[in-house]
$ cat final_11.txt   # compact mmCIF, C-alpha atoms
# COMPACT_ATOMS: atom_id res chain seq x y z
CA MET A 1 110.31 78.52 123.70
CA LEU A 2 108.01 77.61 120.84
CA SER A 3 108.57 74.42 118.87
CA PRO A 4 109.79 74.65 115.24
CA GLU A 5 106.30 73.70 114.05
CA GLU A 6 104.68 76.42 116.18
CA GLN A 7 107.19 78.96 114.89
CA LEU A 8 106.47 77.91 111.31
CA HIS A 9 102.72 78.44 111.85
CA ILE A 10 103.39 82.03 112.98
CA ILE A 11 105.87 82.71 110.16
CA LYS A 12 103.42 81.42 107.52
CA SER A 13 100.68 83.82 108.67
CA GLY A 14 100.17 86.34 105.89
CA ALA A 15 103.03 84.95 103.77
CA ALA A 16 102.43 84.43 100.06
CA GLN A 17 105.07 81.76 99.45
CA ILE A 18 107.95 80.02 101.26
CA VAL A 19 110.54 78.39 98.98
CA PRO A 20 111.17 75.71 100.14
CA GLU A 21 109.08 75.42 103.29
CA SER A 22 110.72 72.12 104.23
CA LEU A 23 114.16 73.77 104.42
CA LEU A 24 112.82 76.52 106.69
CA LEU A 25 111.52 73.85 109.07
CA GLU A 26 114.93 72.13 108.98
CA LYS A 27 116.67 75.41 109.80
CA LEU A 28 114.26 76.06 112.68
CA LYS A 29 114.87 72.57 114.07
CA LYS A 30 118.58 73.35 114.51
CA GLY A 31 117.57 75.54 117.44
CA ALA A 32 120.04 78.35 116.69
CA PRO A 33 118.89 81.89 115.87
CA LEU A 34 118.49 82.34 112.11
CA ASN A 35 119.79 85.33 110.14
CA ILE A 36 116.78 86.90 108.43
CA LYS A 37 117.54 89.32 105.59
CA LEU A 38 115.60 92.19 104.10
CA GLY A 39 117.15 94.45 101.50
CA VAL A 40 115.59 97.82 100.71
CA ASP A 41 116.63 100.41 98.16
CA PRO A 42 116.05 103.90 99.58
CA THR A 43 114.43 105.34 96.45
CA ALA A 44 111.88 107.43 98.42
CA PRO A 45 112.06 109.04 101.88
CA ASP A 46 108.65 108.23 103.40
CA ILE A 47 107.19 104.79 103.94
CA HIS A 48 103.62 103.63 104.54
CA LEU A 49 101.92 100.51 105.93
CA GLY A 50 102.48 98.72 102.61
CA HIS A 51 106.24 99.27 102.85
CA ALA A 52 106.12 98.15 106.49
CA VAL A 53 104.68 94.69 105.69
CA PRO A 54 108.11 92.99 105.47
CA LEU A 55 109.27 94.97 108.50
CA ARG A 56 106.36 93.53 110.49
CA LYS A 57 107.36 90.01 109.40
CA LEU A 58 110.97 90.75 110.43
CA ARG A 59 109.73 91.84 113.85
CA GLN A 60 107.79 88.59 114.09
CA PHE A 61 111.03 86.68 113.49
CA GLN A 62 112.77 88.82 116.13
CA ASP A 63 110.05 88.08 118.68
CA LEU A 64 110.65 84.37 117.97
CA GLY A 65 114.31 84.82 118.92
CA HIS A 66 115.94 85.29 115.51
CA GLN A 67 118.38 87.93 114.29
CA VAL A 68 117.61 90.37 111.48
CA THR A 69 119.97 91.95 108.96
CA LEU A 70 118.47 95.02 107.35
CA ILE A 71 120.43 95.91 104.23
CA ILE A 72 120.14 99.44 102.92
CA GLY A 73 120.76 99.10 99.20
CA ASP A 74 122.75 102.26 98.68
CA GLY A 75 124.85 100.27 96.19
CA THR A 76 122.04 98.48 94.34
CA ALA A 77 120.00 101.72 94.27
CA LEU A 78 122.64 103.10 91.90
CA ILE A 79 121.50 100.39 89.46
CA GLY A 80 117.76 100.64 90.15
CA ASP A 81 115.46 97.67 90.77
CA PRO A 82 113.83 96.64 87.46
CA SER A 83 111.10 94.62 89.21
CA GLY A 84 107.70 95.40 87.72
CA ARG A 85 109.16 98.05 85.42
CA ASN A 86 108.51 98.43 81.70
CA SER A 87 111.32 100.95 81.35
CA THR A 88 114.71 101.65 82.89
CA ARG A 89 114.43 103.18 86.36
CA PRO A 90 116.03 106.65 86.61
CA GLN A 91 119.32 106.48 88.49
CA LEU A 92 119.54 108.42 91.76
CA SER A 93 122.53 110.37 92.97
CA ARG A 94 124.47 109.02 95.96
CA GLU A 95 123.51 112.15 97.90
CA LYS A 96 119.77 111.56 97.35
CA ILE A 97 120.14 107.88 98.23
CA ALA A 98 121.90 108.77 101.51
CA GLU A 99 119.20 111.32 102.36
CA ASN A 100 116.39 108.82 101.72
CA ALA A 101 118.22 106.08 103.63
CA LYS A 102 118.38 108.07 106.86
CA THR A 103 114.63 108.76 106.81
CA TYR A 104 113.88 105.12 105.97
CA VAL A 105 116.00 103.77 108.82
CA ASP A 106 114.37 106.15 111.33
CA GLN A 107 110.93 104.89 110.28
CA ALA A 108 111.99 101.22 110.11
CA PHE A 109 113.00 101.30 113.77
CA LYS A 110 109.43 102.23 114.64
CA VAL A 111 108.83 98.52 113.91
CA LEU A 112 112.11 96.66 114.45
CA ASP A 113 113.90 95.85 117.71
CA PRO A 114 117.26 97.65 117.44
CA GLU A 115 118.88 95.13 119.79
CA LYS A 116 118.15 92.30 117.36
CA THR A 117 118.85 94.21 114.15
CA THR A 118 122.13 94.46 112.26
CA LEU A 119 122.13 97.42 109.87
CA ARG A 120 124.34 97.10 106.79
CA TYR A 121 124.83 99.20 103.65
CA ASN A 122 125.61 97.10 100.56
CA SER A 123 127.87 99.80 99.14
CA GLU A 124 130.39 98.32 101.61
CA TRP A 125 130.99 95.34 99.33
CA ILE A 126 129.40 96.25 95.98
CA LEU A 127 131.32 99.46 95.35
CA SER A 128 134.63 97.93 96.44
CA LEU A 129 134.40 94.98 94.00
CA GLY A 130 137.29 94.77 91.55
CA MET A 131 136.74 93.75 87.93
CA GLU A 132 138.12 90.23 88.52
CA GLU A 133 135.77 89.59 91.47
CA LEU A 134 132.82 91.05 89.60
CA LEU A 135 133.41 88.83 86.56
CA LYS A 136 133.55 85.72 88.79
CA ILE A 137 130.18 86.60 90.32
CA LEU A 138 128.55 87.41 86.96
CA ALA A 139 129.81 84.10 85.52
CA ASN A 140 127.33 82.26 87.76
CA PHE A 141 124.36 83.51 85.70
CA THR A 142 123.51 83.21 82.01
CA VAL A 143 121.69 85.78 79.91
CA ALA A 144 118.96 83.18 79.33
CA ARG A 145 118.52 82.80 83.10
CA ILE A 146 118.22 86.56 83.65
CA LEU A 147 115.75 86.85 80.77
CA GLU A 148 113.47 84.43 82.63
CA ARG A 149 112.42 87.43 84.71
CA ASP A 150 108.84 88.27 83.76
CA ASP A 151 109.51 92.01 83.40
CA PHE A 152 112.68 91.48 81.32
CA GLN A 153 110.87 88.90 79.18
CA LYS A 154 108.00 91.31 78.46
CA ARG A 155 110.36 94.12 77.56
CA TYR A 156 112.51 91.84 75.39
CA THR A 157 109.59 90.36 73.43
CA GLY A 158 107.97 93.79 73.19
CA ASN A 159 111.14 95.32 71.72
CA LEU A 160 111.44 97.69 74.68
CA PRO A 161 114.96 98.70 75.70
CA ILE A 162 116.78 96.94 78.56
CA SER A 163 119.97 98.61 79.71
CA LEU A 164 122.88 96.26 80.35
CA HIS A 165 123.38 97.52 83.91
CA GLU A 166 119.84 96.37 84.82
CA PHE A 167 120.95 92.74 84.35
CA MET A 168 123.30 93.23 87.27
CA TYR A 169 120.57 94.08 89.78
CA PRO A 170 119.41 90.56 90.72
CA VAL A 171 123.04 89.38 90.73
CA MET A 172 124.10 92.10 93.16
CA GLN A 173 121.08 91.49 95.39
CA ALA A 174 122.02 87.82 95.37
CA TYR A 175 125.59 88.72 96.35
CA ASP A 176 124.20 90.53 99.42
CA SER A 177 122.89 87.16 100.65
CA VAL A 178 126.32 85.60 100.18
CA MET A 179 128.04 88.41 102.07
CA ILE A 180 125.81 88.20 105.15
CA LYS A 181 125.21 84.41 105.00
CA ALA A 182 121.42 84.79 105.03
CA ASP A 183 119.22 81.92 106.23
CA VAL A 184 115.98 83.52 105.05
CA GLU A 185 115.35 86.47 102.73
CA LEU A 186 112.08 88.41 102.68
CA GLY A 187 110.54 90.35 99.82
CA GLY A 188 107.31 91.17 98.03
CA THR A 189 105.80 88.74 95.53
CA ASP A 190 107.38 90.86 92.79
CA GLN A 191 110.81 90.09 94.29
CA LEU A 192 110.71 86.29 93.98
CA PHE A 193 113.16 86.17 91.05
CA ASN A 194 115.70 88.27 92.96
CA LEU A 195 115.31 86.11 96.09
CA LEU A 196 115.73 82.89 94.09
CA ALA A 197 118.85 84.36 92.47
CA GLY A 198 120.31 84.71 95.96
CA ARG A 199 119.50 81.10 96.72
CA GLU A 200 121.10 80.01 93.44
CA LEU A 201 124.30 82.01 93.96
CA MET A 202 124.74 80.74 97.53
CA GLU A 203 124.49 77.13 96.29
CA LYS A 204 127.01 77.74 93.51
CA MET A 205 129.42 79.25 96.02
CA GLY A 206 129.20 76.19 98.27
CA MET A 207 126.94 77.69 100.94
CA GLU A 208 123.69 76.46 102.46
CA PRO A 209 121.05 78.29 100.37
CA GLN A 210 118.63 80.75 101.86
CA VAL A 211 114.89 80.23 102.13
CA CYS A 212 112.82 82.71 100.11
CA LEU A 213 109.75 84.15 101.84
CA THR A 214 107.47 86.43 99.84
CA LEU A 215 104.72 88.64 101.17
CA PRO A 216 101.67 89.91 99.25
CA LEU A 217 101.28 93.54 98.30
CA LEU A 218 98.93 95.38 100.66
CA GLU A 219 95.97 97.09 99.02
CA GLY A 220 95.32 100.65 100.10
CA THR A 221 92.30 102.15 101.83
CA ASP A 222 90.21 101.68 98.65
CA GLY A 223 90.72 97.91 98.95
CA VAL A 224 91.56 97.66 95.24
CA ALA A 225 94.88 99.18 94.15
CA LYS A 226 98.16 98.53 95.95
CA MET A 227 98.90 101.07 98.66
CA SER A 228 100.67 104.02 97.06
CA LYS A 229 101.05 107.74 97.56
CA SER A 230 100.35 108.23 93.86
CA TYR A 231 96.93 106.56 94.29
CA GLY A 232 96.11 108.58 97.41
CA ASN A 233 95.13 105.38 99.26
CA TYR A 234 98.07 105.13 101.64
CA ILE A 235 98.40 105.16 105.44
CA GLY A 236 101.74 106.75 106.28
CA LEU A 237 103.86 105.69 109.24
CA THR A 238 104.17 109.36 110.15
CA ASP A 239 100.46 110.21 109.73
CA GLU A 240 98.94 111.87 112.79
CA PRO A 241 97.17 109.36 115.11
CA ALA A 242 93.66 110.65 114.38
CA ASP A 243 94.29 110.59 110.62
CA MET A 244 95.80 107.11 110.82
CA PHE A 245 92.82 105.83 112.84
CA GLY A 246 90.33 107.34 110.38
CA LYS A 247 92.11 105.88 107.37
CA VAL A 248 92.11 102.37 108.88
CA MET A 249 88.40 102.73 109.64
CA SER A 250 87.81 103.56 105.96
CA ILE A 251 89.14 100.24 104.60
CA PRO A 252 86.54 97.78 103.26
CA ASP A 253 85.43 95.08 105.72
CA ASN A 254 86.76 92.32 103.48
CA MET A 255 90.30 93.72 103.90
CA MET A 256 90.34 93.58 107.70
CA VAL A 257 91.89 90.13 108.14
CA LYS A 258 94.63 90.91 105.62
CA TYR A 259 95.45 94.14 107.48
CA TYR A 260 95.50 92.21 110.76
CA ARG A 261 97.98 89.70 109.32
CA LEU A 262 100.22 92.15 107.47
CA ALA A 263 100.02 95.42 109.39
CA SER A 264 99.05 94.76 113.01
CA THR A 265 100.96 93.57 116.08
CA CYS A 266 98.25 91.08 117.13
CA PRO A 267 99.35 87.50 117.89
CA VAL A 268 98.66 85.05 115.08
CA ASP A 269 96.39 82.81 117.18
CA GLN A 270 94.25 85.85 118.02
CA ILE A 271 94.03 86.76 114.32
CA ASP A 272 93.00 83.18 113.54
CA GLN A 273 90.15 83.55 116.05
CA ILE A 274 89.11 86.91 114.59
CA GLU A 275 89.04 85.45 111.08
CA ALA A 276 86.92 82.51 112.25
CA GLY A 277 84.60 84.80 114.23
CA LEU A 278 84.00 87.09 111.26
CA ALA A 279 83.36 84.15 108.94
CA ALA A 280 80.79 82.75 111.38
CA ASP A 281 79.12 86.18 111.89
CA GLU A 282 79.98 85.95 115.59
CA LEU A 283 81.92 89.23 115.64
CA HIS A 284 80.67 92.67 114.67
CA PRO A 285 82.84 94.05 111.83
CA ASN A 286 82.82 97.59 113.22
CA LYS A 287 84.18 96.46 116.60
CA VAL A 288 86.83 94.35 114.89
CA LYS A 289 87.88 97.27 112.69
CA ARG A 290 88.05 99.64 115.66
CA ALA A 291 90.33 97.20 117.47
CA LEU A 292 92.50 97.03 114.33
CA ALA A 293 92.70 100.83 114.06
CA ARG A 294 93.63 101.13 117.76
CA ASN A 295 96.31 98.46 117.37
CA ILE A 296 97.92 100.12 114.35
CA VAL A 297 97.93 103.59 115.92
CA ALA A 298 99.37 102.21 119.18
CA ALA A 299 102.10 100.39 117.24
CA TYR A 300 103.47 103.69 115.91
CA TYR A 301 102.48 105.98 118.78
CA SER A 302 101.02 104.79 122.12
CA GLU A 303 97.91 103.26 123.67
CA GLU A 304 96.93 106.72 124.94
CA ASP A 305 97.26 108.20 121.44
CA ALA A 306 95.16 105.35 120.04
CA GLN A 307 92.40 106.00 122.56
CA ALA A 308 92.46 109.73 121.85
CA ALA A 309 92.34 109.03 118.11
CA GLU A 310 89.26 106.85 118.56
CA GLU A 311 87.56 109.54 120.64
CA SER A 312 88.36 112.12 117.97
CA PHE A 313 86.95 109.77 115.31
CA ASP A 314 83.69 109.38 117.27
CA GLN A 315 83.48 113.13 117.78
CA VAL A 316 83.58 113.72 114.03
CA PHE A 317 81.74 110.70 112.61
CA LYS A 318 79.49 109.41 115.35
CA ASN A 319 78.52 112.63 117.10
CA HIS A 320 79.05 114.87 114.05
CA GLU A 321 81.12 117.31 116.08
CA VAL A 322 84.22 119.29 115.18
CA PRO A 323 87.40 117.79 116.71
CA ASP A 324 89.18 119.69 119.49
CA ASP A 325 92.55 119.94 117.74
CA VAL A 326 91.49 121.64 114.49
CA PRO A 327 94.51 123.52 113.08
CA GLU A 328 94.11 127.27 112.85
CA TYR A 329 94.87 129.20 109.67
CA ALA A 330 95.37 132.96 109.50
CA ALA A 331 93.36 133.57 106.35
CA ASP A 332 93.53 136.62 104.11
CA LEU A 333 89.85 137.47 103.58
CA THR A 334 90.44 140.53 101.43
CA PRO A 335 87.53 140.68 98.93
CA ASN A 336 88.19 140.39 95.20
CA ASP A 337 86.62 142.58 92.50
CA GLN A 338 83.28 140.86 93.12
CA GLY A 339 83.46 141.57 96.86
CA LYS A 340 83.98 137.84 97.54
CA VAL A 341 86.80 135.47 98.55
CA TYR A 342 87.88 132.80 96.04
CA LEU A 343 87.23 129.67 98.13
CA ALA A 344 89.10 127.23 95.89
CA LYS A 345 92.40 129.08 96.45
CA LEU A 346 91.67 129.47 100.16
CA LEU A 347 91.41 125.68 100.42
CA VAL A 348 94.88 125.39 98.88
CA ASP A 349 96.36 128.06 101.19
CA ALA A 350 94.87 126.32 104.24
CA GLY A 351 96.32 122.95 103.18
CA LEU A 352 92.94 121.40 102.46
CA ALA A 353 93.44 120.91 98.72
CA GLN A 354 96.42 120.33 96.45
CA SER A 355 95.35 122.85 93.81
CA ALA A 356 92.58 125.30 92.96
CA GLY A 357 91.33 122.79 90.39
CA GLU A 358 91.01 120.13 93.08
CA GLY A 359 89.30 122.72 95.31
CA ARG A 360 86.66 123.36 92.67
CA ARG A 361 86.10 119.62 92.18
CA LEU A 362 85.65 119.18 95.94
CA ILE A 363 83.11 122.02 96.04
CA ASP A 364 81.20 120.61 93.05
CA GLY A 365 81.11 117.18 94.67
CA GLY A 366 79.62 118.51 97.90
CA GLY A 367 82.80 117.74 99.82
CA VAL A 368 83.35 121.21 101.33
CA LYS A 369 81.47 122.55 104.36
CA ILE A 370 81.60 125.92 106.08
CA ASN A 371 80.50 125.67 109.72
CA GLY A 372 78.85 122.34 108.94
CA GLU A 373 76.93 123.59 105.92
CA ALA A 374 77.79 122.16 102.49
CA VAL A 375 78.93 124.68 99.89
CA PRO A 376 76.69 124.43 96.79
CA ALA A 377 78.23 123.26 93.52
CA LYS A 378 79.86 126.00 91.41
CA GLU A 379 79.87 128.42 94.36
CA TYR A 380 83.57 129.18 94.22
CA ASN A 381 83.34 132.76 95.54
CA VAL A 382 82.09 133.25 99.09
CA ASP A 383 81.11 136.30 101.14
CA PRO A 384 84.07 137.09 103.46
CA VAL A 385 81.69 137.65 106.40
CA LYS A 386 80.66 133.98 106.15
CA LEU A 387 84.30 132.96 106.44
CA GLU A 388 85.25 134.98 109.52
CA ARG A 389 86.35 132.54 112.28
CA ALA A 390 84.65 129.76 110.32
CA VAL A 391 85.53 126.07 110.47
CA ILE A 392 86.05 124.67 106.99
CA GLN A 393 85.73 120.93 106.50
CA VAL A 394 86.91 119.02 103.43
CA GLY A 395 85.82 115.41 103.14
CA LYS A 396 85.47 113.49 106.38
CA ARG A 397 88.76 114.17 108.12
CA LYS A 398 90.24 117.52 107.03
CA PHE A 399 89.45 120.66 109.02
CA ALA A 400 90.80 124.20 109.34
CA LYS A 401 89.66 127.04 111.59
CA LEU A 402 90.05 130.48 110.03
CA VAL A 403 91.41 133.12 112.38

$ encode --input "final_11.txt" --output "structure tokens"
Amino acid sequence: MLSPEEQLHIIKSGAAQIVPESLLLEKLKKGAPLNIKLGVDPTAPDIHLGHAVPLRKLRQFQDLGHQVTLIIGDGTALIGDPSGRNSTRPQLSREKIAENAKTYVDQAFKVLDPEKTTLRYNSEWILSLGMEELLKILANFTVARILERDDFQKRYTGNLPISLHEFMYPVMQAYDSVMIKADVELGGTDQLFNLLAGRELMEKMGMEPQVCLTLPLLEGTDGVAKMSKSYGNYIGLTDEPADMFGKVMSIPDNMMVKYYRLASTCPVDQIDQIEAGLAADELHPNKVKRALARNIVAAYYSEEDAQAAEESFDQVFKNHEVPDDVPEYAADLTPNDQGKVYLAKLLVDAGLAQSAGEGRRLIDGGGVKINGEAVPAKEYNVDPVKLERAVIQVGKRKFAKLV
């Protein structure tokens, strides 16, 4: 059993802020398992490594012997989290929320230990609140206090609309902490106001307040913008092993330690050694990144899948070979009026481009190859004979074999 100080060192790894750290140490010194809370609103079905950052920290707490309460915000999602928003978030239907929640939970348990996880839905208590109970809870917060939120303050001073129901979001998230008697609540750095509201409400209701632990946002594979599907820089939890491995290998070297701390399953003392070794130029960055990619793939699949993904990566990038598992596509190679096949549309049909416009941009940028040969810019129409049983490559990782 690790000492409270040793536990705190592990918990602090990768964390942005712990408020207050001294109270967390006091709670750890009691020796009893703590109740660690994470609330998530199921506003989208699929999650990526950025979404999984707090899940990884929850798993760290579980491995230290603590209990986790994962709250699915099917009640708060009806309000919509205003964090980081400059306009009111569109309200989702209860049916869409339920659909997203199921997918989220399935993916979350790729990280969490089900035996040490209590799953709750906050509609249990939020939607059953009577007007009298609701007014008592709301009376604990002033309008001035709620307007301290950075996003509300910007909208208020900028004469942008704030709907009245949005004020209720941090209050209801705070009430979740009261209902489950949280010892620690996790969230992103953009969630600090909501977490502190929970601490404040618990104190006002005569309870020992929770500790607030925030985690930084994880930049995507470009190493600049936060990981997001809309930026195209994400690594999905359901990505195929080879694709996941390749995406991790594409991150900038200066992001490796952050990925180790926020997205890997490596022990903290090992990460400390890796960070020191990189800083002293004692470790080769490529070897360190490969180990990171293997770790992340194995975390969501298996060690065997991770090894196969690395071999596939080497086949494509190191040996410049076509991978063994290239998907086949039954292409329609009927010639057009010019006696050619419109390649940009073929890329879309084969799942290699989102649109014909993107297909043309890829061709013009030299990102499309037929049997290893780059297609010249502006050559959108190709002789069908050249395409028969050809392997088309887009970028570094996308392939299709025409049959």

$ closest_atom_pairs --input "final_11.txt" --of "stretch 264-289 of chain A" --to "stretch 293-309 of chain A" --cutoff "10 Å" --atoms "all atoms listed in the file" --output "CSV"
residue,atom,partner,partner_atom,distance
A:Ser264,CA,A:Ile296,CA,5.6
A:Thr265,CA,A:Asn295,CA,6.9
A:Cys266,CA,A:Asn295,CA,7.6
A:Lys287,CA,A:Ala293,CA,9.9
A:Val288,CA,A:Ala293,CA,8.8
A:Lys289,CA,A:Ala293,CA,6.1

$ closest_residue --input "final_11.txt" --among "A:Asn100, A:Gln393, A:Gln354, A:Gln173" --to "A:Gly367" --atoms "all atoms listed in the file"
A:Gln393

$ closest_residue --input "final_11.txt" --among "A:Ile10, A:Ala242, A:Leu186, A:Ala52" --to "A:Asp272" --atoms "only C-alpha atoms"
A:Ile10

$ residues_around --input "final_11.txt" --residues "A:Ile11" --least-positions-apart "4" --cutoff "12 Å" --atoms "all atoms listed in the file" --output "ChimeraX atom specification"
/A:4-7,15-18,21,24-25,28,36,54,56-64,66,184,186,213-215,261-262,267-269

$ closest_residue --input "final_11.txt" --among "A:Arg290, A:Lys340, A:Lys37, A:Lys318" --to "A:Gly198" --atoms "all atoms listed in the file"
A:Lys37

$ closest_atom_pairs --input "final_11.txt" --of "stretch 170-224 of chain A" --to "stretch 121-140 of chain A" --cutoff "9 Å" --atoms "all atoms listed in the file" --output "CSV"
residue,atom,partner,partner_atom,distance
A:Val171,CA,A:Leu138,CA,7.0
A:Met172,CA,A:Ile126,CA,7.3
A:Gln173,CA,A:Asn122,CA,8.9
A:Tyr175,CA,A:Ile137,CA,7.9
A:Asp176,CA,A:Asn122,CA,6.8
A:Met179,CA,A:Trp125,CA,8.0
A:Glu200,CA,A:Asn140,CA,8.7
A:Leu201,CA,A:Asn140,CA,6.9
A:Lys204,CA,A:Asn140,CA,7.3

$ residues_around --input "final_11.txt" --residues "A:Gly80" --least-positions-apart "5" --cutoff "9 Å" --atoms "all atoms listed in the file" --output "list in words"
Asp41, Thr43, Thr88, Arg89, Pro90, Gln91, Leu92, His165, Glu166 and Tyr169 of chain A

$ residues_near_point --input "final_11.txt" --point "(120.2, 89.8, 77.6)" --cutoff "10 Å" --atoms "only C-alpha atoms" --output "tab-separated table (two decimals) with C-alpha atoms, in the frame of the given file"
chain	number	residue	atom	x	y	z
A	142	THR	CA	123.51	83.21	82.01
A	143	VAL	CA	121.69	85.78	79.91
A	144	ALA	CA	118.96	83.18	79.33
A	145	ARG	CA	118.52	82.80	83.10
A	146	ILE	CA	118.22	86.56	83.65
A	147	LEU	CA	115.75	86.85	80.77
A	148	GLU	CA	113.47	84.43	82.63
A	152	PHE	CA	112.68	91.48	81.32
A	153	GLN	CA	110.87	88.90	79.18
A	156	TYR	CA	112.51	91.84	75.39
A	162	ILE	CA	116.78	96.94	78.56
A	163	SER	CA	119.97	98.61	79.71
A	164	LEU	CA	122.88	96.26	80.35
A	166	GLU	CA	119.84	96.37	84.82
A	167	PHE	CA	120.95	92.74	84.35

$ residues_around --input "final_11.txt" --residues "A:Thr334" --least-positions-apart "5" --cutoff "12 Å" --atoms "only C-alpha atoms" --output "MDAnalysis selection string"
chainID A and resid 339:343 346 382:385 387:388

$ atom_distance --input "final_11.txt" --atom1 "atom CA of A:Gly188" --atom2 "atom CA of A:Pro285"
28.2 Å

$ atom_distance --input "final_11.txt" --atom1 "atom CA of A:Ile71" --atom2 "atom CA of A:Leu218"
21.8 Å

$ atom_distance --input "final_11.txt" --atom1 "atom CA of A:Asp74" --atom2 "atom CA of A:Met207"
25.0 Å

$ residues_near_point --input "final_11.txt" --point "(125.7, 107.7, 91.4)" --cutoff "10 Å" --atoms "all atoms listed in the file" --output "list in words"
Asp74, Gly75, Ala77, Leu78, Ile79, Gln91, Leu92, Ser93, Arg94, Glu95, Lys96 and Ile97 of chain A

$ write_last_selection --input "final_11.txt" --atoms "C-alpha atoms" --output "PDB file, in the coordinates of the input"
ATOM      1  CA  ASP A  74     122.750 102.260  98.680  1.00  0.00           C
ATOM      2  CA  GLY A  75     124.850 100.270  96.190  1.00  0.00           C
ATOM      3  CA  ALA A  77     120.000 101.720  94.270  1.00  0.00           C
ATOM      4  CA  LEU A  78     122.640 103.100  91.900  1.00  0.00           C
ATOM      5  CA  ILE A  79     121.500 100.390  89.460  1.00  0.00           C
ATOM      6  CA  GLN A  91     119.320 106.480  88.490  1.00  0.00           C
ATOM      7  CA  LEU A  92     119.540 108.420  91.760  1.00  0.00           C
ATOM      8  CA  SER A  93     122.530 110.370  92.970  1.00  0.00           C
ATOM      9  CA  ARG A  94     124.470 109.020  95.960  1.00  0.00           C
ATOM     10  CA  GLU A  95     123.510 112.150  97.900  1.00  0.00           C
ATOM     11  CA  LYS A  96     119.770 111.560  97.350  1.00  0.00           C
ATOM     12  CA  ILE A  97     120.140 107.880  98.230  1.00  0.00           C
TER      13      ILE A  97
END

$ closest_residue --input "final_11.txt" --among "A:Asn336, A:Asn254, A:Ser13, A:Thr189" --to "A:Ile271" --atoms "all atoms listed in the file"
A:Ser13

$ residues_around --input "final_11.txt" --residues "stretch 399-402 of chain A" --least-positions-apart "2" --cutoff "6 Å" --atoms "only C-alpha atoms" --output "PDB file with C-alpha atoms, in the coordinates of the input"
ATOM      1  CA  VAL A 326      91.490 121.640 114.490  1.00  0.00           C
ATOM      2  CA  PRO A 327      94.510 123.520 113.080  1.00  0.00           C
ATOM      3  CA  GLU A 328      94.110 127.270 112.850  1.00  0.00           C
ATOM      4  CA  TYR A 329      94.870 129.200 109.670  1.00  0.00           C
ATOM      5  CA  ALA A 330      95.370 132.960 109.500  1.00  0.00           C
ATOM      6  CA  ALA A 331      93.360 133.570 106.350  1.00  0.00           C
ATOM      7  CA  ARG A 389      86.350 132.540 112.280  1.00  0.00           C
ATOM      8  CA  ALA A 390      84.650 129.760 110.320  1.00  0.00           C
ATOM      9  CA  VAL A 391      85.530 126.070 110.470  1.00  0.00           C
ATOM     10  CA  ILE A 392      86.050 124.670 106.990  1.00  0.00           C
ATOM     11  CA  GLN A 393      85.730 120.930 106.500  1.00  0.00           C
TER      12      GLN A 393
END

$ closest_residue --input "final_11.txt" --among "A:Pro82, A:Gly357, A:Val322, A:Gly246" --to "A:Lys154" --atoms "only C-alpha atoms"
A:Pro82

$ closest_residue --input "final_11.txt" --among "A:Asp364, A:Asp183, A:Asp314, A:Asp332" --to "A:Cys212" --atoms "only C-alpha atoms"
A:Asp183

$ residues_around --input "final_11.txt" --residues "A:Ile251" --least-positions-apart "3" --cutoff "8 Å" --atoms "all atoms listed in the file" --output "count of residues only"
8
